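Q: Once you've had a glance at the structure underneath, I'll fire off some questions.
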Amino acid sequence: MDYTSDIINLAVVNFRVASGEKEVNLRRMMDMSRAASRRGADLILFPEMALTGYGLFIDENIPQDEKVAYAETVEGPSVKALEEVAKDEGMYIVFGMPEKLKEDDNDIYNSAVVLGPDGLVGSYQKIHPYGSENMWCKRGEEPFMFDTKWGPISLGVCYDNYQFPELARYYAWKGSRLHL
């Protein structure tokens, strides 16, 4: 394949997420994305469940219906707000969130959402939930890659990468040039 660029500038963020404070985390992610773009980042990668925090979902004292209330579809307000930043800055934003596939769903996925200069690219639902994640999130079924001018980029979330090399092998076989 002939890609238009071999050099991609990445910003990788690890920050203390305010558990259950979606608006606080969203604002910080928007600000960090703009700052990364000003520093030349083509893509910014946020952690698993960055939008809401991971601890909220593994807390067994929080009822499932409350966890469902934190989840959004990719058409929801948080994704739309970050999508505007991606478009304005001409960059890719990849972040973790609790996702519902339809607004009235009660199923939650531990997902990574991909936004690009043209808007929503798609989302990846974690295929291998770990331990107690199986109590609150549904298992994803499809690997996810997206095309860029640097070539195909693939996604995995946490345990997908640490214990299941088959996923990375699959992506490499499919031509992934970068795995997030």
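By convention here, the chains of the structure tokens are called A, B, ... in the order presented, each chain's residues are numbered starting at 1, and ligands are numbered starting at 1 in the order presented.
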Near A:Asn14, counting only C-alpha atoms, which residues have an atom at most 8 Å away, once you skip same-chain residues fewer than 2 positions from it, shown as a list of chain:residue names?
A: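 Residues near the query, excluding close chain neighbours: A:Val12, A:Arg16, A:Phe46, A:Pro47.
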Q: Those residues with N, CA, C and O atoms, as a PDB file, in the first residue's frame please?
A:
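Okay, this is what ended up in result00.pdb:
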```pdb
ATOM      1  N   VAL A  12      -0.145  10.454  24.081  1.00  0.00           N
ATOM      2  CA  VAL A  12      -0.703   9.375  24.892  1.00  0.00           C
ATOM      3  C   VAL A  12      -0.920   9.931  26.289  1.00  0.00           C
ATOM      4  O   VAL A  12       0.012  10.418  26.917  1.00  0.00           O
ATOM      5  N   ARG A  16      -5.545  11.130  36.035  1.00  0.00           N
ATOM      6  CA  ARG A  16      -6.405  10.676  37.125  1.00  0.00           C
ATOM      7  C   ARG A  16      -7.841  11.060  36.788  1.00  0.00           C
ATOM      8  O   ARG A  16      -8.220  12.226  36.868  1.00  0.00           O
ATOM      9  N   PHE A  46      -6.545   8.281  24.881  1.00  0.00           N
ATOM     10  CA  PHE A  46      -6.913   8.349  26.289  1.00  0.00           C
ATOM     11  C   PHE A  46      -7.096   6.934  26.837  1.00  0.00           C
ATOM     12  O   PHE A  46      -7.293   5.985  26.085  1.00  0.00           O
ATOM     13  N   PRO A  47      -7.100   6.789  28.158  1.00  0.00           N
ATOM     14  CA  PRO A  47      -7.201   5.456  28.770  1.00  0.00           C
ATOM     15  C   PRO A  47      -8.575   4.800  28.653  1.00  0.00           C
ATOM     16  O   PRO A  47      -9.577   5.437  28.325  1.00  0.00           O
TER      17      PRO A  47
END
```
Q: List as a Markdown table every residue of stretch 89-121 of chain A that is in contact with stretch 153-177 of chain A, defined as an atom at most 10 Å from one of its atoms (using only C-alpha atoms), together with the nearest atom pair and the distance in Å rounded to one decimal, sorted by chain and then rising number.
A:
```
| residue | atom | partner | partner_atom | distance |
| --- | --- | --- | --- | --- |
| A:Val94 | CA | A:Leu155 | CA | 9.4 |
| A:Gly96 | CA | A:Val157 | CA | 8.4 |
| A:Asn110 | CA | A:Val157 | CA | 8.2 |
| A:Ser111 | CA | A:Val157 | CA | 7.7 |
| A:Ala112 | CA | A:Val157 | CA | 7.3 |
| A:Val113 | CA | A:Leu155 | CA | 9.7 |
| A:Val114 | CA | A:Leu155 | CA | 9.4 |
```
Q: The selected residues should be written to file as a short mmCIF file (atom, residue, chain, number, x, y, z; two decimals), in the first residue's frame (atoms: N, CA, C and O atoms).
A:
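Saved the output as selection-v6.cif:
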```cif
data_model
loop_
_atom_site.label_atom_id
_atom_site.label_comp_id
_atom_site.auth_asym_id
_atom_site.auth_seq_id
_atom_site.Cartn_x
_atom_site.Cartn_y
_atom_site.Cartn_z
N VAL A 94 -9.00 9.10 20.39
CA VAL A 94 -9.40 7.75 20.76
C VAL A 94 -9.54 7.71 22.27
O VAL A 94 -8.60 8.07 22.99
N GLY A 96 -11.75 5.83 25.89
CA GLY A 96 -12.59 4.78 26.44
C GLY A 96 -13.83 5.34 27.11
O GLY A 96 -13.79 6.40 27.74
N ASN A 110 -17.55 -2.03 27.34
CA ASN A 110 -16.34 -1.29 27.66
C ASN A 110 -15.71 -0.99 26.30
O ASN A 110 -15.10 -1.86 25.70
N SER A 111 -15.89 0.23 25.82
CA SER A 111 -15.57 0.54 24.43
C SER A 111 -14.48 1.59 24.29
O SER A 111 -14.23 2.38 25.21
N ALA A 112 -13.86 1.59 23.12
CA ALA A 112 -12.95 2.65 22.70
C ALA A 112 -13.58 3.30 21.48
O ALA A 112 -13.92 2.61 20.51
N VAL A 113 -13.76 4.61 21.54
CA VAL A 113 -14.38 5.36 20.45
C VAL A 113 -13.28 6.05 19.65
O VAL A 113 -12.33 6.58 20.23
N VAL A 114 -13.43 6.05 18.33
CA VAL A 114 -12.47 6.71 17.45
C VAL A 114 -13.17 7.84 16.71
O VAL A 114 -14.17 7.62 16.03
#
```
Q: Give me every helix (DSSP H, G or I) residue in chain A, going by DSSP on the backbone, as number ranges by chain.
A: A: 22-38, 55-58, 64-70, 77-89, 133-136, 159-163, 165-174
Q: Give me the residues within 8 Å of stretch 34-43 of chain A as JSON, numbers by chain, counting only C-alpha atoms and dropping any in the same chain fewer than 5 places off.
A: {"A": [8, 9, 10, 11, 85, 89, 90, 91, 92, 93, 94]}
Q: Check the smallest atom-to-atom distance from each of A:Ala81, A:Ala69, A:Leu45, A:Val24 to A:Phe57 using only C-alpha atoms, then report the winner.
A: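 Going through A:Ala81, A:Ala69, A:Leu45, A:Val24 one by one, the smallest distance to A:Phe57 is for A:Ala69.
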Q: Which neighbours of A:Met49 fall inside 6 Å, counting only C-alpha atoms, when residues of the same chain fewer than 2 positions from it are skipped, and could you give them as an MDAnalysis selection string?
A: chainID A and resid 51:54 96:97
Q: DSSP on the backbone: which residues in chain A end up as strand (DSSP E)? Give the answer as a PyMOL selection string.
A: chain A and resi 10-12+43-45+92-99+109-116+119-125+145-146+153-154+178-179
Q: Please dump the current selection as a short mmCIF file (atom, residue, chain, number, x, y, z; two decimals), in the first residue's frame; keep N, CA, C and O atoms.
A:
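Once everything was written out, this is out.cif:
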```
data_model
loop_
_atom_site.label_atom_id
_atom_site.label_comp_id
_atom_site.auth_asym_id
_atom_site.auth_seq_id
_atom_site.Cartn_x
_atom_site.Cartn_y
_atom_site.Cartn_z
N LEU A 10 1.94 11.19 18.01
CA LEU A 10 0.96 10.70 18.95
C LEU A 10 1.07 11.41 20.29
O LEU A 10 2.17 11.70 20.75
N ALA A 11 -0.06 11.63 20.90
CA ALA A 11 -0.12 12.07 22.30
C ALA A 11 -0.80 10.94 23.06
O ALA A 11 -1.89 10.51 22.68
N VAL A 12 -0.14 10.45 24.08
CA VAL A 12 -0.70 9.38 24.89
C VAL A 12 -0.92 9.93 26.29
O VAL A 12 0.01 10.42 26.92
N LEU A 43 -2.86 12.37 16.60
CA LEU A 43 -3.77 11.46 17.28
C LEU A 43 -3.49 11.54 18.77
O LEU A 43 -2.34 11.60 19.19
N ILE A 44 -4.57 11.56 19.55
CA ILE A 44 -4.43 11.51 21.01
C ILE A 44 -5.17 10.28 21.50
O ILE A 44 -6.28 9.98 21.06
N LEU A 45 -4.53 9.54 22.41
CA LEU A 45 -5.09 8.31 22.95
C LEU A 45 -5.31 8.48 24.45
O LEU A 45 -4.37 8.81 25.18
N TYR A 92 -7.20 12.88 15.23
CA TYR A 92 -7.92 11.70 15.72
C TYR A 92 -7.92 11.74 17.25
O TYR A 92 -6.90 12.08 17.86
N ILE A 93 -9.05 11.37 17.83
CA ILE A 93 -9.19 11.25 19.27
C ILE A 93 -9.72 9.85 19.55
O ILE A 93 -10.75 9.45 19.00
N VAL A 94 -9.00 9.10 20.39
CA VAL A 94 -9.40 7.75 20.76
C VAL A 94 -9.54 7.71 22.27
O VAL A 94 -8.60 8.07 22.99
N PHE A 95 -10.71 7.31 22.75
CA PHE A 95 -10.93 7.33 24.20
C PHE A 95 -11.87 6.22 24.63
O PHE A 95 -12.69 5.74 23.85
N GLY A 96 -11.75 5.83 25.89
CA GLY A 96 -12.59 4.78 26.44
C GLY A 96 -13.83 5.34 27.11
O GLY A 96 -13.79 6.40 27.74
N MET A 97 -14.92 4.58 26.98
CA MET A 97 -16.19 4.98 27.61
C MET A 97 -17.11 3.79 27.74
O MET A 97 -16.97 2.80 27.01
N PRO A 98 -18.10 3.88 28.63
CA PRO A 98 -19.14 2.86 28.67
C PRO A 98 -20.13 3.15 27.53
O PRO A 98 -20.68 4.24 27.45
N GLU A 99 -20.32 2.18 26.65
CA GLU A 99 -21.13 2.41 25.46
C GLU A 99 -22.38 1.53 25.46
O GLU A 99 -22.33 0.36 25.80
N TYR A 109 -21.08 -1.83 27.04
CA TYR A 109 -19.80 -2.33 26.55
C TYR A 109 -18.70 -1.44 27.08
O TYR A 109 -18.88 -0.23 27.22
N ASN A 110 -17.55 -2.03 27.34
CA ASN A 110 -16.34 -1.29 27.66
C ASN A 110 -15.71 -0.99 26.30
O ASN A 110 -15.10 -1.86 25.70
N SER A 111 -15.89 0.23 25.82
CA SER A 111 -15.57 0.54 24.43
C SER A 111 -14.48 1.59 24.29
O SER A 111 -14.23 2.38 25.21
N ALA A 112 -13.86 1.59 23.12
CA ALA A 112 -12.95 2.65 22.70
C ALA A 112 -13.58 3.30 21.48
O ALA A 112 -13.92 2.61 20.51
N VAL A 113 -13.76 4.61 21.54
CA VAL A 113 -14.38 5.36 20.45
C VAL A 113 -13.28 6.05 19.65
O VAL A 113 -12.33 6.58 20.23
N VAL A 114 -13.43 6.05 18.33
CA VAL A 114 -12.47 6.71 17.45
C VAL A 114 -13.17 7.84 16.71
O VAL A 114 -14.17 7.62 16.03
N LEU A 115 -12.62 9.03 16.89
CA LEU A 115 -13.10 10.21 16.18
C LEU A 115 -11.96 10.70 15.28
O LEU A 115 -10.80 10.59 15.65
N GLY A 116 -12.31 11.25 14.14
CA GLY A 116 -11.27 11.72 13.22
C GLY A 116 -11.59 13.10 12.71
O GLY A 116 -12.60 13.71 13.07
N GLY A 119 -15.05 13.38 11.61
CA GLY A 119 -16.10 13.00 12.54
C GLY A 119 -15.93 11.59 13.09
O GLY A 119 -14.82 11.06 13.15
N LEU A 120 -17.05 10.99 13.45
CA LEU A 120 -17.04 9.65 14.05
C LEU A 120 -16.51 8.62 13.06
O LEU A 120 -16.99 8.52 11.94
N VAL A 121 -15.50 7.87 13.50
CA VAL A 121 -14.97 6.76 12.70
C VAL A 121 -15.67 5.48 13.12
O VAL A 121 -16.06 4.67 12.29
N GLY A 122 -15.83 5.26 14.42
CA GLY A 122 -16.50 4.07 14.92
C GLY A 122 -16.11 3.78 16.35
O GLY A 122 -15.44 4.58 17.00
N SER A 123 -16.52 2.60 16.81
CA SER A 123 -16.17 2.20 18.17
C SER A 123 -15.83 0.72 18.20
O SER A 123 -16.31 -0.07 17.38
N TYR A 124 -14.99 0.39 19.15
CA TYR A 124 -14.57 -0.99 19.38
C TYR A 124 -15.06 -1.40 20.76
O TYR A 124 -14.84 -0.70 21.74
N GLN A 125 -15.75 -2.52 20.82
CA GLN A 125 -16.21 -3.06 22.08
C GLN A 125 -15.22 -4.15 22.54
O GLN A 125 -14.97 -5.10 21.80
N MET A 145 -10.44 -1.98 13.07
CA MET A 145 -9.32 -1.24 12.47
C MET A 145 -9.91 -0.08 11.69
O MET A 145 -11.03 -0.16 11.19
N PHE A 146 -9.14 1.00 11.60
CA PHE A 146 -9.60 2.13 10.79
C PHE A 146 -8.46 2.62 9.92
O PHE A 146 -7.29 2.54 10.28
N ILE A 153 -4.94 1.40 11.46
CA ILE A 153 -4.66 1.44 12.89
C ILE A 153 -5.66 0.53 13.57
O ILE A 153 -6.86 0.57 13.27
N SER A 154 -5.18 -0.29 14.49
CA SER A 154 -6.05 -1.26 15.18
C SER A 154 -6.16 -0.91 16.66
O SER A 154 -5.34 -0.18 17.21
N LEU A 178 -0.18 0.31 13.10
CA LEU A 178 -0.08 0.82 14.47
C LEU A 178 -1.22 0.20 15.27
O LEU A 178 -2.36 0.16 14.82
N HIS A 179 -0.87 -0.30 16.47
CA HIS A 179 -1.89 -0.88 17.35
C HIS A 179 -1.98 -0.02 18.60
O HIS A 179 -0.98 0.25 19.25
#
```
Q: Using only C-alpha atoms for the distances, tell me which of A:Ser33, A:Asn61, A:Ser5, A:Asn106 is nearest to A:Cys137.
A: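 Looking only at the distances to A:Cys137, the closest residue turns out to be A:Asn106.
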Q: Could you work out how far atom CA of A:Asp118 lies from atom CA of A:Phe15, giving the answer in Å with one decimal?
A: 26.4 Å
Q: Using only C-alpha atoms, determine which residues lie at most 10 Å from A:Glu66, disregarding the query and same-chain residues fewer than 4 positions distant; provide the list as a PyMOL selection string.
A: chain A and resi 56-57+62+70-71
Q: Mind pulling up the distance from atom CA of A:Leu101 to atom CA of A:Val68?
A: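 Pair atom CA of A:Val68 / atom CA of A:Leu101 returns 11.6 Å.
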